[in-house]
>>> print(open('my_file-v2.cif').read())   # mmCIF, C-alpha atoms
data_work
#
loop_
_atom_site.label_atom_id
_atom_site.label_comp_id
_atom_site.auth_asym_id
_atom_site.auth_seq_id
_atom_site.Cartn_x
_atom_site.Cartn_y
_atom_site.Cartn_z
CA MET A 1 -14.82 -32.72 13.98
CA ALA A 2 -11.38 -31.34 14.02
CA LYS A 3 -10.90 -29.02 16.89
CA GLN A 4 -10.04 -25.58 15.62
CA GLN A 5 -7.09 -24.14 17.41
CA LYS A 6 -6.76 -20.39 17.44
CA LYS A 7 -3.28 -19.02 17.72
CA LYS A 8 -3.26 -16.91 20.85
CA HIS A 9 -1.27 -13.70 20.67
CA LEU A 10 0.03 -11.68 23.53
CA SER A 11 -2.02 -8.53 24.02
CA LEU A 12 -0.41 -5.14 23.41
CA THR A 13 -0.53 -4.51 27.14
CA GLN A 14 1.37 -7.73 27.80
CA ILE A 15 3.98 -6.87 25.16
CA ARG A 16 4.33 -3.41 26.70
CA HIS A 17 4.81 -4.87 30.15
CA ILE A 18 7.46 -7.28 28.85
CA ILE A 19 9.41 -4.43 27.20
CA GLN A 20 9.05 -2.24 30.29
CA ASN A 21 10.18 -4.99 32.64
CA ILE A 22 13.19 -5.87 30.48
CA ILE A 23 14.26 -2.22 30.65
CA VAL A 24 13.72 -2.07 34.42
CA VAL A 25 15.88 -5.20 34.87
CA GLY A 26 18.52 -3.71 32.55
CA THR A 27 18.54 -0.46 34.55
CA VAL A 28 18.85 -2.39 37.82
CA LEU A 29 21.81 -4.28 36.34
CA ILE A 30 23.44 -0.99 35.29
CA GLY A 31 22.93 0.29 38.85
CA ILE A 32 24.45 -2.87 40.34
CA ARG A 33 27.38 -2.69 37.92
CA HIS A 34 28.12 0.82 39.08
CA ILE A 35 28.40 -0.09 42.76
CA MET A 36 30.84 -2.90 41.93
CA PRO A 37 34.59 -2.35 41.70
CA GLY A 38 36.05 -1.32 38.34
CA LYS A 39 33.27 1.05 37.35
CA GLU A 40 35.69 3.01 35.15
CA SER A 41 35.12 0.38 32.50
CA THR A 42 31.33 0.80 32.42
CA GLY A 43 31.14 3.86 30.20
CA GLY A 44 30.95 6.51 32.91
CA SER A 45 28.73 7.10 35.89
CA PHE A 46 25.20 5.83 36.36
CA ASP A 47 23.92 9.23 35.16
CA ALA A 48 25.44 8.60 31.72
CA PHE A 49 22.68 6.06 30.98
CA CYS A 50 19.80 8.54 31.25
CA PRO A 51 18.46 10.63 28.34
CA VAL A 52 17.61 13.42 30.82
CA GLY A 53 21.37 13.89 31.23
CA GLY A 54 21.44 14.81 27.54
CA ILE A 55 18.95 17.61 28.22
CA GLU A 56 20.94 18.76 31.24
CA SER A 57 24.23 18.81 29.35
CA PHE A 58 22.88 20.12 26.04
CA LEU A 59 23.46 23.85 26.49
CA PRO A 60 26.83 23.49 28.30
CA TYR A 61 28.05 21.25 25.46
CA VAL A 62 26.80 23.53 22.69
CA LEU A 63 27.96 26.78 24.31
CA HIS A 64 31.02 25.72 26.31
CA GLY A 65 32.08 22.54 24.53
CA HIS A 66 31.89 20.19 27.51
CA THR A 67 29.30 18.05 29.24
CA LEU A 68 28.46 18.42 32.92
CA LYS A 69 30.17 16.13 35.40
CA THR A 70 28.77 12.55 35.61
CA THR A 71 27.30 12.89 32.10
CA ASN A 72 28.99 12.21 28.78
CA LEU A 73 28.22 11.82 25.09
CA LEU A 74 26.29 8.61 25.72
CA ASN A 75 23.53 10.78 27.24
CA PHE A 76 23.19 12.53 23.88
CA ALA A 77 23.03 9.21 22.01
CA LEU A 78 20.17 8.06 24.27
CA LEU A 79 18.45 11.44 23.99
CA ILE A 80 18.65 11.22 20.20
CA GLY A 81 17.04 7.77 20.37
CA VAL A 82 14.22 9.12 22.52
CA LEU A 83 13.76 12.17 20.30
CA ALA A 84 13.65 9.94 17.20
CA MET A 85 10.87 7.96 18.86
CA ALA A 86 9.11 11.23 19.70
CA VAL A 87 9.29 12.46 16.11
CA VAL A 88 7.59 9.25 15.00
CA SER A 89 5.20 8.56 17.86
CA GLY A 90 5.15 11.38 20.45
CA ARG A 91 5.66 10.45 24.09
CA SER A 92 5.81 6.71 23.40
CA PHE A 93 9.09 6.48 25.34
CA CYS A 94 7.16 7.42 28.51
CA GLY A 95 4.56 4.74 27.93
CA TRP A 96 6.74 1.93 26.65
CA MET A 97 10.31 2.30 27.85
CA CYS A 98 10.86 4.66 30.77
CA PRO A 99 11.70 2.55 33.84
CA LEU A 100 10.29 5.22 36.16
CA GLY A 101 6.96 4.98 34.34
CA THR A 102 6.96 1.21 34.78
CA LEU A 103 7.56 1.52 38.51
CA GLN A 104 4.81 4.13 38.84
CA ASP A 105 2.35 1.78 37.11
CA MET A 106 3.44 -0.97 39.51
CA PHE A 107 3.03 1.23 42.60
CA ALA A 108 -0.39 2.36 41.36
CA GLY A 109 -1.38 -1.32 41.07
CA TRP A 110 -0.20 -1.93 44.64
CA ALA A 111 -2.18 1.10 45.84
CA ARG A 112 -5.34 -0.20 44.15
CA ARG A 113 -5.00 -3.57 45.83
CA LEU A 114 -4.12 -2.09 49.23
CA SER A 115 -7.10 0.24 49.09
CA GLY A 116 -9.73 -2.34 48.40
CA GLU A 117 -9.70 -3.49 44.76
CA LYS A 118 -9.80 -7.28 44.61
CA LYS A 119 -9.66 -7.77 40.86
CA HIS A 120 -9.15 -5.17 38.20
CA VAL A 121 -11.79 -5.30 35.48
CA ARG A 122 -10.54 -3.73 32.26
CA GLY A 123 -12.56 -0.70 31.23
CA LYS A 124 -14.32 -0.37 34.56
CA ARG A 125 -13.44 2.56 36.76
CA SER A 126 -11.79 1.26 39.91
CA LYS A 127 -13.64 1.71 43.19
CA ALA A 128 -10.37 1.67 45.10
CA ARG A 129 -9.62 4.85 47.05
CA PHE A 130 -6.10 5.09 45.61
CA PRO A 131 -4.57 6.07 43.27
CA THR A 132 -6.72 9.14 43.01
CA THR A 133 -6.45 12.37 41.01
CA LEU A 134 -5.67 15.92 42.01
CA PRO A 135 -8.71 18.26 42.19
CA PRO A 136 -9.77 19.38 38.68
CA LYS A 137 -8.97 23.01 39.50
CA ILE A 138 -5.37 22.18 40.43
CA ASP A 139 -4.55 19.34 38.01
CA PRO A 140 -4.23 21.32 34.72
CA TRP A 141 -1.99 23.90 36.40
CA ALA A 142 0.10 21.28 38.16
CA ARG A 143 0.72 19.57 34.81
CA LYS A 144 2.41 22.75 33.57
CA LEU A 145 4.96 22.48 36.37
CA LYS A 146 7.06 20.05 34.33
CA TYR A 147 7.61 22.73 31.67
CA VAL A 148 8.83 25.13 34.36
CA ILE A 149 11.20 22.41 35.61
CA LEU A 150 12.48 21.80 32.07
CA ALA A 151 13.15 25.52 31.55
CA THR A 152 14.82 25.78 34.97
CA ILE A 153 17.07 22.82 34.18
CA LEU A 154 18.09 24.26 30.81
CA LEU A 155 18.90 27.65 32.32
CA GLY A 156 20.48 26.19 35.47
CA SER A 157 22.71 23.90 33.43
CA LEU A 158 24.57 26.92 32.00
CA SER A 159 26.24 27.68 35.32
CA ALA A 160 26.19 24.16 36.77
CA VAL A 161 29.06 21.74 37.37
CA TYR A 162 26.87 18.72 38.06
CA PRO A 163 23.53 18.15 36.29
CA PRO A 164 20.85 20.25 38.04
CA LEU A 165 18.81 17.14 38.92
CA HIS A 166 21.84 15.14 40.08
CA ALA A 167 21.14 15.38 43.81
CA ILE A 168 17.38 14.79 43.57
CA CYS A 169 16.97 12.55 40.52
CA PRO A 170 14.37 9.82 41.17
CA ALA A 171 16.07 7.48 38.68
CA ARG A 172 19.27 7.67 40.73
CA ALA A 173 17.23 7.28 43.92
CA VAL A 174 15.62 4.09 42.64
CA PHE A 175 18.29 2.45 40.52
CA SER A 176 21.75 3.69 41.52
CA PHE A 177 21.86 1.95 44.93
CA GLN A 178 23.92 4.86 46.23
CA LEU A 179 21.42 6.52 48.52
CA THR A 180 22.20 9.79 50.24
CA PRO A 181 19.72 11.04 52.86
CA LEU A 182 18.33 13.41 50.21
CA LEU A 183 17.98 10.64 47.61
CA ALA A 184 16.33 8.40 50.22
CA SER A 185 13.70 11.06 50.83
CA VAL A 186 13.26 11.44 47.05
CA LEU A 187 12.77 7.67 46.80
CA LEU A 188 10.17 7.69 49.56
CA THR A 189 8.36 10.65 47.99
CA PHE A 190 8.43 8.94 44.58
CA VAL A 191 6.88 5.75 45.95
CA VAL A 192 4.24 7.51 48.04
CA THR A 193 3.18 9.98 45.33
CA SER A 194 3.01 7.16 42.74
CA MET A 195 0.63 5.31 45.04
CA LEU A 196 -1.51 8.38 45.69
CA VAL A 197 -1.73 9.64 42.10
CA LYS A 198 -1.21 7.62 38.90
CA ARG A 199 2.06 8.57 37.16
CA PHE A 200 2.58 11.57 39.46
CA TRP A 201 6.16 12.10 38.24
CA CYS A 202 5.19 11.87 34.54
CA LYS A 203 2.19 14.18 34.86
CA TYR A 204 3.62 16.95 36.96
CA LEU A 205 7.40 16.86 37.22
CA CYS A 206 9.28 14.99 34.49
CA PRO A 207 11.42 17.33 32.34
CA LEU A 208 11.89 14.67 29.66
CA GLY A 209 8.11 14.23 29.42
CA ALA A 210 7.81 18.00 29.02
CA ALA A 211 10.38 18.00 26.21
CA LEU A 212 8.63 15.14 24.41
CA ALA A 213 5.10 16.45 24.97
CA LEU A 214 5.21 18.92 22.10
CA PHE A 215 5.96 16.10 19.64
CA ASN A 216 2.48 14.70 20.36
CA LYS A 217 1.10 17.52 18.22
CA ILE A 218 3.13 16.57 15.14
CA ALA A 219 3.92 12.86 15.44
CA PRO A 220 2.54 10.98 12.41
CA LEU A 221 2.06 7.64 14.19
CA ARG A 222 -0.85 8.12 16.54
CA VAL A 223 -4.15 6.86 17.83
CA LYS A 224 -7.29 8.13 16.09
CA ILE A 225 -10.89 7.71 17.09
CA ASP A 226 -13.92 7.40 14.85
CA GLN A 227 -16.22 9.88 16.57
CA THR A 228 -19.27 8.59 14.69
CA ARG A 229 -18.85 5.14 16.26
CA CYS A 230 -17.80 6.22 19.77
CA PRO A 231 -20.67 5.84 22.27
CA SER A 232 -18.71 7.79 24.95
CA CYS A 233 -18.92 4.82 27.29
CA GLY A 234 -15.83 5.92 29.20
CA ARG A 235 -14.05 2.55 29.09
CA CYS A 236 -10.93 4.13 27.59
CA ASP A 237 -10.98 6.95 30.15
CA ALA A 238 -10.99 4.41 32.98
CA GLU A 239 -7.76 2.80 31.79
CA CYS A 240 -5.76 5.91 30.88
CA PRO A 241 -2.70 6.07 33.16
CA MET A 242 -2.37 9.80 32.50
CA ASP A 243 -6.04 10.48 33.37
CA ILE A 244 -6.76 12.25 30.09
CA THR A 245 -10.52 12.73 30.10
CA PRO A 246 -12.48 12.55 27.97
CA ILE A 247 -10.10 10.70 25.67
CA PRO A 248 -12.17 10.99 22.47
CA GLU A 249 -11.80 14.80 22.51
CA ASN A 250 -8.13 14.73 23.48
CA MET A 251 -6.46 12.35 21.06
CA ARG A 252 -3.65 14.85 20.38
CA SER A 253 -3.15 15.73 24.05
CA THR A 254 0.39 16.62 25.08
CA GLU A 255 -0.22 14.36 28.08
CA CYS A 256 -0.75 11.20 25.99
CA ILE A 257 2.06 8.67 26.47
CA GLN A 258 0.88 6.41 23.63
CA CYS A 259 0.55 3.40 25.91
CA LEU A 260 -2.39 2.33 23.69
CA GLU A 261 -4.44 1.23 26.69
CA CYS A 262 -7.41 3.14 25.21
CA LEU A 263 -7.08 1.17 21.98
CA GLU A 264 -6.80 -2.11 23.88
CA THR A 265 -9.78 -1.31 26.11
CA CYS A 266 -12.24 -0.10 23.49
CA ALA A 267 -14.90 -2.77 23.05
CA LEU A 268 -16.06 -1.61 19.62
CA PRO A 269 -13.99 -2.78 16.64
CA ASP A 270 -12.57 -0.10 14.31
CA THR A 271 -13.44 2.73 16.69
CA ILE A 272 -9.98 3.48 18.05
CA ASP A 273 -7.16 2.64 15.65
CA LEU A 274 -3.53 3.31 15.00
CA TRP A 275 -2.84 5.61 12.06
CA LEU A 276 0.22 6.83 10.26
CA GLY A 277 -0.19 10.37 8.92
CA MET B 278 -2.88 4.94 6.57
CA LYS B 279 -4.17 2.49 9.12
CA ILE B 280 -1.45 0.51 10.90
CA ASN B 281 -1.76 -2.92 12.44
CA LYS B 282 -1.52 -2.23 16.16
CA ARG B 283 0.69 -5.29 16.68
CA LYS B 284 3.41 -3.59 14.64
CA TYR B 285 3.55 -0.60 16.98
CA PRO B 286 6.09 -1.99 19.50
CA TRP B 287 8.42 -3.08 16.71
CA ILE B 288 8.21 0.29 14.98
CA ILE B 289 9.11 2.32 18.07
CA LEU B 290 11.82 -0.11 19.22
CA THR B 291 13.38 -0.13 15.75
CA VAL B 292 13.37 3.67 15.62
CA PHE B 293 14.97 3.93 19.07
CA VAL B 294 17.63 1.28 18.54
CA SER B 295 18.50 2.56 15.05
CA ALA B 296 18.82 6.16 16.21
CA VAL B 297 20.98 5.26 19.23
CA THR B 298 23.16 2.96 17.12
CA ILE B 299 23.71 5.62 14.46
CA ALA B 300 24.48 8.22 17.15
CA VAL B 301 27.02 5.92 18.82
CA ILE B 302 28.63 5.02 15.48
CA LEU B 303 28.89 8.74 14.66
CA GLY B 304 30.87 9.29 17.84
CA LEU B 305 28.40 9.99 20.63
CA ARG B 306 29.93 7.58 23.09
CA PRO B 307 32.05 7.87 26.21
CA MET B 308 35.72 8.52 25.54
CA HIS B 309 38.42 6.66 27.40
#
>>> encode(input="my_file-v2.cif", output="structure tokens")
Amino acid sequence: MAKQQKKKHLSLTQIRHIIQNIIVVGTVLIGIRHIMPGKESTGGSFDAFCPVGGIESFLPYVLHGHTLKTTNLLNFALLIGVLAMAVVSGRSFCGWMCPLGTLQDMFAGWARRLSGEKKHVRGKRSKARFPTTLPPKIDPWARKLKYVILATILLGSLSAVYPPLHAICPARAVFSFQLTPLLASVLLTFVVTSMLVKRFWCKYLCPLGAALALFNKIAPLRVKIDQTRCPSCGRCDAECPMDITPIPENMRSTECIQCLECLETCALPDTIDLWLG
Amino acid sequence: MKINKRKYPWIILTVFVSAVTIAVILGLRPMH
């Protein structure tokens, strides 16, 4: 009998990790390029390669006709790319492309292993002590902090010379290889908080995440759940990197980063699907 | 309309790359 060979595809999670890791490597290369001689030919400073710089320079450019120092028009091009993604699929940039998100997922994995998890079983809530979550009374309020930071950055940018986040930006701390004492402490804080709480930066502090969050309400490409099939087993909740619980009642949450881990984890076919419109 | 989940990465990457490319072509790039 001829042996049937099934073509094995990469899972969505594997594809996501490949994309994320390519972008992390690319960002590291940009950082390395900027500490090498001749950086004038690289299209500006390291900051010019971050869409957050587009947010920081938006109002100064519109009102005063110039970008803030260390940013340039490339920031706007990247921001437009991220916003285009958001219009189509909400915060998918956070889940699929942001290099800080990738590192936070990696640090969370390290924390799980260091605090007792031997092997991660998909869909099963980890018994590891870390990463944990903030107390339920604090968590929803803490998640609003990123909107305050976004508003502060937009207002602060009007009178700023350098981007408001320039001195404390975690992306610069991780990838620019130009550590000041302040950036070193930001780096340490970023690593530790990512190990204590999953996606700490994305949940509570990221101004770009805050700007993209509102698009989750209108984006046509999104995950939908068939409530009549869902047994509320909690498998999807266990895998959600943003700790959105319960997922079935929060499919349009502003916190969703469209990583599609819920879709990948659901054991029942045709219960969680991807829909356009 | 239900979408094949395997198309999702290609859709978002295409949207991002297209938008950035158009923005750069239209002039949003560093000046020298």
>>> residues_around(input="my_file-v2.cif", residues="Leu205 in chain A", least_positions_apart="6", cutoff="7 Å", atoms="only C-alpha atoms", output="list in words")
Leu145, Lys146 and Ile149 of chain A
>>> closest_atom_pairs(input="my_file-v2.cif", of="chain B", to="chain A", cutoff="8 Å", atoms="all atoms listed in the file", output="JSON lines")
{"residue": "B:Met278", "atom": "CA", "partner": "A:Leu276", "partner_atom": "CA", "distance": 5.2}
{"residue": "B:Lys279", "atom": "CA", "partner": "A:Trp275", "partner_atom": "CA", "distance": 4.5}
{"residue": "B:Ile280", "atom": "CA", "partner": "A:Leu274", "partner_atom": "CA", "distance": 5.4}
{"residue": "B:Asn281", "atom": "CA", "partner": "A:Leu274", "partner_atom": "CA", "distance": 7.0}
{"residue": "B:Lys282", "atom": "CA", "partner": "A:Leu274", "partner_atom": "CA", "distance": 6.0}
{"residue": "B:Arg283", "atom": "CA", "partner": "A:Leu12", "partner_atom": "CA", "distance": 6.8}
{"residue": "B:Pro286", "atom": "CA", "partner": "A:Arg16", "partner_atom": "CA", "distance": 7.5}
{"residue": "B:Ile289", "atom": "CA", "partner": "A:Met85", "partner_atom": "CA", "distance": 6.0}
{"residue": "B:Val292", "atom": "CA", "partner": "A:Met85", "partner_atom": "CA", "distance": 5.9}
{"residue": "B:Phe293", "atom": "CA", "partner": "A:Gly81", "partner_atom": "CA", "distance": 4.6}
{"residue": "B:Val294", "atom": "CA", "partner": "A:Gly81", "partner_atom": "CA", "distance": 6.8}
{"residue": "B:Ser295", "atom": "CA", "partner": "A:Gly81", "partner_atom": "CA", "distance": 7.6}
{"residue": "B:Ala296", "atom": "CA", "partner": "A:Gly81", "partner_atom": "CA", "distance": 4.8}
{"residue": "B:Val297", "atom": "CA", "partner": "A:Gly81", "partner_atom": "CA", "distance": 4.8}
{"residue": "B:Thr298", "atom": "CA", "partner": "A:Ala77", "partner_atom": "CA", "distance": 7.9}
{"residue": "B:Ala300", "atom": "CA", "partner": "A:Ala77", "partner_atom": "CA", "distance": 5.2}
{"residue": "B:Val301", "atom": "CA", "partner": "A:Ala77", "partner_atom": "CA", "distance": 6.1}
{"residue": "B:Leu305", "atom": "CA", "partner": "A:Leu73", "partner_atom": "CA", "distance": 4.8}
{"residue": "B:Arg306", "atom": "CA", "partner": "A:Leu74", "partner_atom": "CA", "distance": 4.6}
{"residue": "B:Pro307", "atom": "CA", "partner": "A:Leu73", "partner_atom": "CA", "distance": 5.6}
>>> atom_distance(input="my_file-v2.cif", atom1="CA of Glu56 in chain A", atom2="CA of Ile153 in chain A")
6.3 Å
>>> closest_residue(input="my_file-v2.cif", among="A:Ala267, A:Cys94, A:Ala108, A:Leu183", to="Pro51 in chain A", atoms="only C-alpha atoms")
A:Cys94
>>> closest_residue(input="my_file-v2.cif", among="A:Ser159, A:Asn216, A:Thr152, A:Thr13", to="Thr265 in chain A", atoms="all atoms listed in the file")
A:Thr13
>>> atom_distance(input="my_file-v2.cif", atom1="CA of His17 in chain A", atom2="CA of Ala213 in chain A")
21.9 Å
>>> closest_residue(input="my_file-v2.cif", among="A:Trp201, A:Met195, A:Pro99, A:Asp47", to="Ser115 in chain A", atoms="all atoms listed in the file")
A:Met195
>>> atom_distance(input="my_file-v2.cif", atom1="CA of Leu150 in chain A", atom2="CA of Ile302 in chain B")
28.6 Å
>>> resolve_selection(input="my_file-v2.cif", expression="the PyMOL selection byres ((chain A and resi 166) around 10)", output="PyMOL selection string")
chain A and resi 47+53+56+69-71+162-165+167-173+183
>>> residues_around(input="my_file-v2.cif", residues="Arg113 in chain A", least_positions_apart="6", cutoff="12 Å", atoms="only C-alpha atoms", output="VMD selection string")
chain A and resid 106 to 107 119 to 120 126 to 131 195
>>> resolve_selection(input="my_file-v2.cif", expression="the PyMOL selection byres ((chain A and resi 234) around 12)", output="VMD selection string")
chain A and resid 122 to 125 230 to 233 235 to 240 243 to 249 262 265 to 267
>>> write_last_selection(input="my_file-v2.cif", atoms="C-alpha atoms", output="PDB file, in the coordinates of the input")
ATOM      1  CA  ARG A 122     -10.540  -3.730  32.260  1.00  0.00           C
ATOM      2  CA  GLY A 123     -12.560  -0.700  31.230  1.00  0.00           C
ATOM      3  CA  LYS A 124     -14.320  -0.370  34.560  1.00  0.00           C
ATOM      4  CA  ARG A 125     -13.440   2.560  36.760  1.00  0.00           C
ATOM      5  CA  CYS A 230     -17.800   6.220  19.770  1.00  0.00           C
ATOM      6  CA  PRO A 231     -20.670   5.840  22.270  1.00  0.00           C
ATOM      7  CA  SER A 232     -18.710   7.790  24.950  1.00  0.00           C
ATOM      8  CA  CYS A 233     -18.920   4.820  27.290  1.00  0.00           C
ATOM      9  CA  ARG A 235     -14.050   2.550  29.090  1.00  0.00           C
ATOM     10  CA  CYS A 236     -10.930   4.130  27.590  1.00  0.00           C
ATOM     11  CA  ASP A 237     -10.980   6.950  30.150  1.00  0.00           C
ATOM     12  CA  ALA A 238     -10.990   4.410  32.980  1.00  0.00           C
ATOM     13  CA  GLU A 239      -7.760   2.800  31.790  1.00  0.00           C
ATOM     14  CA  CYS A 240      -5.760   5.910  30.880  1.00  0.00           C
ATOM     15  CA  ASP A 243      -6.040  10.480  33.370  1.00  0.00           C
ATOM     16  CA  ILE A 244      -6.760  12.250  30.090  1.00  0.00           C
ATOM     17  CA  THR A 245     -10.520  12.730  30.100  1.00  0.00           C
ATOM     18  CA  PRO A 246     -12.480  12.550  27.970  1.00  0.00           C
ATOM     19  CA  ILE A 247     -10.100  10.700  25.670  1.00  0.00           C
ATOM     20  CA  PRO A 248     -12.170  10.990  22.470  1.00  0.00           C
ATOM     21  CA  GLU A 249     -11.800  14.800  22.510  1.00  0.00           C
ATOM     22  CA  CYS A 262      -7.410   3.140  25.210  1.00  0.00           C
ATOM     23  CA  THR A 265      -9.780  -1.310  26.110  1.00  0.00           C
ATOM     24  CA  CYS A 266     -12.240  -0.100  23.490  1.00  0.00           C
ATOM     25  CA  ALA A 267     -14.900  -2.770  23.050  1.00  0.00           C
TER      26      ALA A 267
END
>>> build_atoms(input="my_file-v2.cif", residues="range 284-308 of chain B", atoms="N, CA and C atoms", output="short mmCIF file (atom, residue, chain, number, x, y, z; two decimals), keeping the file's coordinate frame")
data_model
loop_
_atom_site.label_atom_id
_atom_site.label_comp_id
_atom_site.auth_asym_id
_atom_site.auth_seq_id
_atom_site.Cartn_x
_atom_site.Cartn_y
_atom_site.Cartn_z
N LYS B 284 2.10 -4.03 15.16
CA LYS B 284 3.41 -3.59 14.64
C LYS B 284 3.98 -2.44 15.46
N TYR B 285 3.13 -1.82 16.27
CA TYR B 285 3.55 -0.60 16.98
C TYR B 285 4.82 -0.79 17.82
N PRO B 286 4.88 -1.83 18.68
CA PRO B 286 6.09 -1.99 19.50
C PRO B 286 7.35 -2.13 18.67
N TRP B 287 7.24 -2.85 17.56
CA TRP B 287 8.42 -3.08 16.71
C TRP B 287 8.85 -1.80 16.02
N ILE B 288 7.87 -0.98 15.63
CA ILE B 288 8.21 0.29 14.98
C ILE B 288 8.99 1.19 15.94
N ILE B 289 8.45 1.37 17.16
CA ILE B 289 9.11 2.32 18.07
C ILE B 289 10.45 1.78 18.56
N LEU B 290 10.53 0.46 18.78
CA LEU B 290 11.82 -0.11 19.22
C LEU B 290 12.87 0.01 18.11
N THR B 291 12.44 -0.24 16.87
CA THR B 291 13.38 -0.13 15.75
C THR B 291 13.89 1.30 15.61
N VAL B 292 12.97 2.26 15.73
CA VAL B 292 13.37 3.67 15.62
C VAL B 292 14.38 4.01 16.72
N PHE B 293 14.09 3.60 17.94
CA PHE B 293 14.97 3.93 19.07
C PHE B 293 16.34 3.30 18.90
N VAL B 294 16.35 1.99 18.65
CA VAL B 294 17.63 1.28 18.54
C VAL B 294 18.46 1.80 17.36
N SER B 295 17.78 2.05 16.23
CA SER B 295 18.50 2.56 15.05
C SER B 295 19.12 3.92 15.35
N ALA B 296 18.33 4.80 15.95
CA ALA B 296 18.82 6.16 16.21
C ALA B 296 20.00 6.13 17.19
N VAL B 297 19.89 5.33 18.24
CA VAL B 297 20.98 5.26 19.23
C VAL B 297 22.22 4.66 18.57
N THR B 298 22.02 3.62 17.78
CA THR B 298 23.16 2.96 17.12
C THR B 298 23.89 3.93 16.19
N ILE B 299 23.10 4.66 15.39
CA ILE B 299 23.71 5.62 14.46
C ILE B 299 24.47 6.69 15.25
N ALA B 300 23.84 7.18 16.34
CA ALA B 300 24.48 8.22 17.15
C ALA B 300 25.80 7.73 17.75
N VAL B 301 25.79 6.48 18.22
CA VAL B 301 27.02 5.92 18.82
C VAL B 301 28.09 5.73 17.74
N ILE B 302 27.66 5.22 16.58
CA ILE B 302 28.63 5.02 15.48
C ILE B 302 29.24 6.37 15.05
N LEU B 303 28.40 7.42 15.06
CA LEU B 303 28.89 8.74 14.66
C LEU B 303 29.76 9.41 15.72
N GLY B 304 29.92 8.75 16.86
CA GLY B 304 30.87 9.29 17.84
C GLY B 304 30.29 9.70 19.17
N LEU B 305 28.98 9.61 19.35
CA LEU B 305 28.40 9.99 20.63
C LEU B 305 28.52 8.84 21.63
N ARG B 306 29.70 8.64 22.13
CA ARG B 306 29.93 7.58 23.09
C ARG B 306 31.01 8.05 24.05
N PRO B 307 31.05 7.44 25.23
CA PRO B 307 32.05 7.87 26.21
C PRO B 307 33.46 7.67 25.71
N MET B 308 34.31 8.64 25.95
CA MET B 308 35.72 8.52 25.54
C MET B 308 36.54 7.94 26.69
#
